[in-house]
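Visitor: One structure follows; several queries about it will come next.
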Amino acid sequence: MNVTTTVNGVDVNQLAGTIDAVSADPSLARFQFRADNHWIDGGYSRTAIKGFYGTGREDTTRTEPFTLDSDEPPVLLGRNRAPNAGEYLLHALAACLTGTMIYHAAARGIAVKSLECAVQGELDLQGFLGLDGTVRPGYEQIRVAITAEGDFDDNQFAELAGLTRYSPVRDIVSNPVPVDIDVIRA
């Protein structure tokens, strides 16, 4: 009899099964996520996210796309209809760090009572505006503060803190990733 064990809201039997399946067939680990964005007005745009490829096949479980709007605050000529792209990046980093820590902690049997991740990024508009070629257009620095609560000893806490190294989004923002851009005339 297989008893379901849940740690941190994660079915650890299912997680172990996924790990075993990927260990046996590494091709199952290859994923391709996609997002399609269209401009609406000014700095306002909308992205649809639906299908993706993973575990050796195209996923069709999403019947409707997720939609995410992006805008700018008035000081950046927007109308505050949604977070801006830089804020979404901070959200993506926080969510990925949180999820990574929770899943890896569950796999190790480390129960977490609460986990909060606060992220802030600093950038200089001179880079975006093309005013200073020595200033990068993106974040110059991102700081993360993670507060974790649970019944873990010092060794488990240190192990929990180290789990952030497995975060895909942390890796993406910390290391160069090739970005190929094709601009196509309609």
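Chain labels follow the order of the structure tokens: the first chain is A, the next B, and so on; residue numbering restarts at 1 in every chain, and ligands are counted from 1 in their shown order.
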Could you pull out the residues in region 5-174 of chain A that DSSP calls strand (DSSP E or B) from the backbone, as number ranges by chain?

Guide: A: 6-7, 10-11, 32-33, 36-41, 44-49, 52-54, 57-59, 66-70, 114-122, 141-149

Visitor: Applying 8 Å and only C-alpha atoms, which residues near Asn37 (chain A) remain after dropping the ones on its own chain fewer than 5 positions away? List them as a list in words.

Guide: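 In the requested form, the answer reads Ser45, Arg46, Thr47 and Ala48 of chain A.
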
Visitor: Using only C-alpha atoms, determine which residues lie at most 10 Å from Val7 (chain A), disregarding the query and same-chain residues fewer than 2 positions distant; provide the list as a PyMOL selection string.

Guide: chain A and resi 4-5+9-12+102-103+105-112

Visitor: From the list A:Arg136, A:Gly130, A:Tyr44, A:Thr67, which residue is nearest Arg81 (chain A) when using only C-alpha atoms?

Guide: A:Tyr44

Visitor: Which residue gives the smallest distance to Leu160 (chain A) among A:Ile142, A:Thr147, A:Ile184, A:Pro137, with only C-alpha atoms counted?

Guide: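 Under the stated criterion, the closest residue is A:Thr147.
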
Visitor: Apply DSSP to the backbone of this structure and, from region 16-138 of chain A, keep only the residues in alpha helix (DSSP H); write these as a VMD selection string.

Guide: chain A and resid 16 to 24 85 to 107 125 to 128

Visitor: What is the CA of Ser167 (chain A) to CA of Gly121 (chain A) distance in Å?

Guide: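 Interatomic distance, CA of Ser167 (chain A) to CA of Gly121 (chain A): 17.6 Å.
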
Visitor: Would you mind listing what lies within 12 Å of Leu123 (chain A) as number ranges by chain, with only C-alpha atoms counted and same-chain residues fewer than 4 positions away left out?

Guide: A: 86-87, 127-129, 135-142

Visitor: Keeping only N, CA and C atoms, write those residues as a JSON list (two decimals), in the first residue's frame.

Guide:
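Heads up, here's the output in part08.json:
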```
[["chain", "number", "residue", "atom", "x", "y", "z"],
["A", 86, "GLY", "N", 10.05, 44.85, -15.39],
["A", 86, "GLY", "CA", 11.07, 44.68, -14.36],
["A", 86, "GLY", "C", 10.50, 44.15, -13.06],
["A", 87, "GLU", "N", 9.29, 44.61, -12.73],
["A", 87, "GLU", "CA", 8.62, 44.10, -11.52],
["A", 87, "GLU", "C", 8.22, 42.64, -11.70],
["A", 127, "GLY", "N", 20.49, 54.04, -18.84],
["A", 127, "GLY", "CA", 20.77, 52.92, -19.75],
["A", 127, "GLY", "C", 19.62, 52.66, -20.69],
["A", 128, "PHE", "N", 18.40, 52.59, -20.16],
["A", 128, "PHE", "CA", 17.20, 52.36, -20.98],
["A", 128, "PHE", "C", 16.99, 53.50, -21.98],
["A", 129, "LEU", "N", 17.22, 54.73, -21.54],
["A", 129, "LEU", "CA", 17.00, 55.90, -22.40],
["A", 129, "LEU", "C", 18.13, 56.12, -23.40],
["A", 135, "VAL", "N", 26.11, 52.74, -18.79],
["A", 135, "VAL", "CA", 25.09, 52.29, -17.84],
["A", 135, "VAL", "C", 24.25, 51.21, -18.52],
["A", 136, "ARG", "N", 24.16, 50.06, -17.89],
["A", 136, "ARG", "CA", 23.36, 48.97, -18.47],
["A", 136, "ARG", "C", 21.88, 49.32, -18.37],
["A", 137, "PRO", "N", 21.05, 48.86, -19.32],
["A", 137, "PRO", "CA", 19.63, 49.18, -19.29],
["A", 137, "PRO", "C", 18.84, 48.40, -18.24],
["A", 138, "GLY", "N", 19.40, 47.33, -17.74],
["A", 138, "GLY", "CA", 18.68, 46.48, -16.78],
["A", 138, "GLY", "C", 19.11, 46.72, -15.35],
["A", 139, "TYR", "N", 18.68, 45.81, -14.50],
["A", 139, "TYR", "CA", 19.03, 45.93, -13.08],
["A", 139, "TYR", "C", 20.54, 45.89, -12.88],
["A", 140, "GLU", "N", 21.01, 46.79, -12.02],
["A", 140, "GLU", "CA", 22.42, 46.82, -11.66],
["A", 140, "GLU", "C", 22.68, 45.90, -10.47],
["A", 141, "GLN", "N", 21.65, 45.73, -9.66],
["A", 141, "GLN", "CA", 21.77, 44.88, -8.48],
["A", 141, "GLN", "C", 20.38, 44.43, -8.07],
["A", 142, "ILE", "N", 20.29, 43.19, -7.63],
["A", 142, "ILE", "CA", 19.05, 42.65, -7.07],
["A", 142, "ILE", "C", 19.38, 42.08, -5.70]]
```

Visitor: Would you mind reading off the distance between CA of Leu163 (chain A) and CA of Gly56 (chain A), one decimal, in Å?

Guide: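 Computing it gives 26.5 Å between the two atoms.
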
Visitor: Using CA of Thr98 (chain A) and CA of Ile146 (chain A) as the two end points, give the distance in Å to one decimal.

Guide: 8.5 Å

Visitor: Need to verify the contact set: Val119 (chain A), 8 Å, only C-alpha atoms, exclusion of same-chain residues closer than 5 positions in sequence. Can you return it as a JSON list (two decimals) with C-alpha atoms, in the first residue's frame?

Guide:
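Done, and the output landed in part12.json:
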```json
[["chain", "number", "residue", "atom", "x", "y", "z"],
["A", 90, "LEU", "CA", 11.38, 40.38, -9.51],
["A", 91, "HIS", "CA", 8.14, 38.41, -9.04],
["A", 93, "LEU", "CA", 12.69, 35.46, -9.11],
["A", 94, "ALA", "CA", 10.83, 35.53, -5.78],
["A", 142, "ILE", "CA", 19.05, 42.65, -7.07],
["A", 143, "ARG", "CA", 18.77, 41.94, -3.35],
["A", 144, "VAL", "CA", 16.75, 39.11, -1.86],
["A", 145, "ALA", "CA", 15.74, 38.60, 1.78]]
```

Visitor: Near Pro74 (chain A), counting only C-alpha atoms, which residues have an atom at most 12 Å away, once you skip same-chain residues fewer than 2 positions from it, shown as a tab-separated table (two decimals) with C-alpha atoms, in the first residue's frame?

Guide:
```tsv
chain	number	residue	atom	x	y	z
A	42	GLY	CA	2.05	53.27	-24.83
A	43	GLY	CA	3.89	51.01	-22.39
A	44	TYR	CA	0.84	48.76	-22.02
A	71	ASP	CA	2.31	48.77	-17.95
A	72	GLU	CA	4.42	51.49	-16.40
A	76	LEU	CA	7.44	56.40	-16.59
A	77	LEU	CA	4.58	57.55	-18.87
A	78	GLY	CA	2.26	54.65	-18.08
A	79	ARG	CA	-1.11	54.46	-16.37
A	80	ASN	CA	-0.42	51.87	-13.63
A	81	ARG	CA	-2.69	49.27	-15.22
A	82	ALA	CA	-0.30	46.47	-14.26
A	83	PRO	CA	3.22	45.83	-12.97
A	84	ASN	CA	6.04	46.68	-15.35
```

Visitor: For Lys113 (chain A), which residue out of A:Ala148, A:Leu131, A:Val179, A:Ala92 is the nearest one, using only C-alpha atoms?

Guide: A:Ala148

Visitor: If you count only C-alpha atoms, which residues fall within 12 Å of Ile19 (chain A), apart from same-chain ones fewer than 5 positions away, as a PyMOL selection string?

Guide: chain A and resi 12-14+24-26+28-29+55+103-104+107

Visitor: Give me a file of those residues, with N, CA and C atoms, as a PDB file, in the first residue's frame.

Guide:
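Final output, saved to out32.pdb:
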```
ATOM      1  N   VAL A  12       5.244  14.100  -1.701  1.00  0.00           N
ATOM      2  CA  VAL A  12       6.636  13.679  -1.851  1.00  0.00           C
ATOM      3  C   VAL A  12       6.763  12.352  -2.598  1.00  0.00           C
ATOM      4  N   ASN A  13       5.736  11.510  -2.573  1.00  0.00           N
ATOM      5  CA  ASN A  13       5.779  10.278  -3.368  1.00  0.00           C
ATOM      6  C   ASN A  13       5.775  10.619  -4.856  1.00  0.00           C
ATOM      7  N   GLN A  14       4.912  11.542  -5.246  1.00  0.00           N
ATOM      8  CA  GLN A  14       4.861  11.969  -6.645  1.00  0.00           C
ATOM      9  C   GLN A  14       6.165  12.672  -7.039  1.00  0.00           C
ATOM     10  N   ALA A  24      16.008   8.114 -14.792  1.00  0.00           N
ATOM     11  CA  ALA A  24      16.012   6.980 -15.724  1.00  0.00           C
ATOM     12  C   ALA A  24      16.024   7.434 -17.181  1.00  0.00           C
ATOM     13  N   ASP A  25      15.392   8.563 -17.477  1.00  0.00           N
ATOM     14  CA  ASP A  25      15.309   9.068 -18.852  1.00  0.00           C
ATOM     15  C   ASP A  25      15.503  10.584 -18.839  1.00  0.00           C
ATOM     16  N   PRO A  26      16.764  11.050 -18.897  1.00  0.00           N
ATOM     17  CA  PRO A  26      17.044  12.492 -18.827  1.00  0.00           C
ATOM     18  C   PRO A  26      16.351  13.329 -19.897  1.00  0.00           C
ATOM     19  N   LEU A  28      13.347  13.461 -20.440  1.00  0.00           N
ATOM     20  CA  LEU A  28      12.108  13.964 -19.838  1.00  0.00           C
ATOM     21  C   LEU A  28      12.312  15.311 -19.148  1.00  0.00           C
ATOM     22  N   ALA A  29      13.555  15.661 -18.876  1.00  0.00           N
ATOM     23  CA  ALA A  29      13.857  16.906 -18.168  1.00  0.00           C
ATOM     24  C   ALA A  29      13.829  18.129 -19.076  1.00  0.00           C
ATOM     25  N   THR A  55       8.398  16.858 -20.372  1.00  0.00           N
ATOM     26  CA  THR A  55       8.283  15.412 -20.129  1.00  0.00           C
ATOM     27  C   THR A  55       8.033  14.634 -21.416  1.00  0.00           C
ATOM     28  N   TYR A 103      10.050  22.827  -2.719  1.00  0.00           N
ATOM     29  CA  TYR A 103      10.120  21.490  -3.317  1.00  0.00           C
ATOM     30  C   TYR A 103      11.344  20.716  -2.833  1.00  0.00           C
ATOM     31  N   HIS A 104      12.503  21.376  -2.826  1.00  0.00           N
ATOM     32  CA  HIS A 104      13.713  20.686  -2.372  1.00  0.00           C
ATOM     33  C   HIS A 104      13.645  20.365  -0.881  1.00  0.00           C
ATOM     34  N   ALA A 107      11.470  17.290  -0.511  1.00  0.00           N
ATOM     35  CA  ALA A 107      12.190  16.078  -0.916  1.00  0.00           C
ATOM     36  C   ALA A 107      13.154  15.614   0.167  1.00  0.00           C
TER      37      ALA A 107
END
```

Visitor: Which residue gives the smallest distance to Phe31 (chain A) among A:Thr63, A:Thr6, A:Val75, A:Gly54, with only C-alpha atoms counted?

Guide: A:Gly54
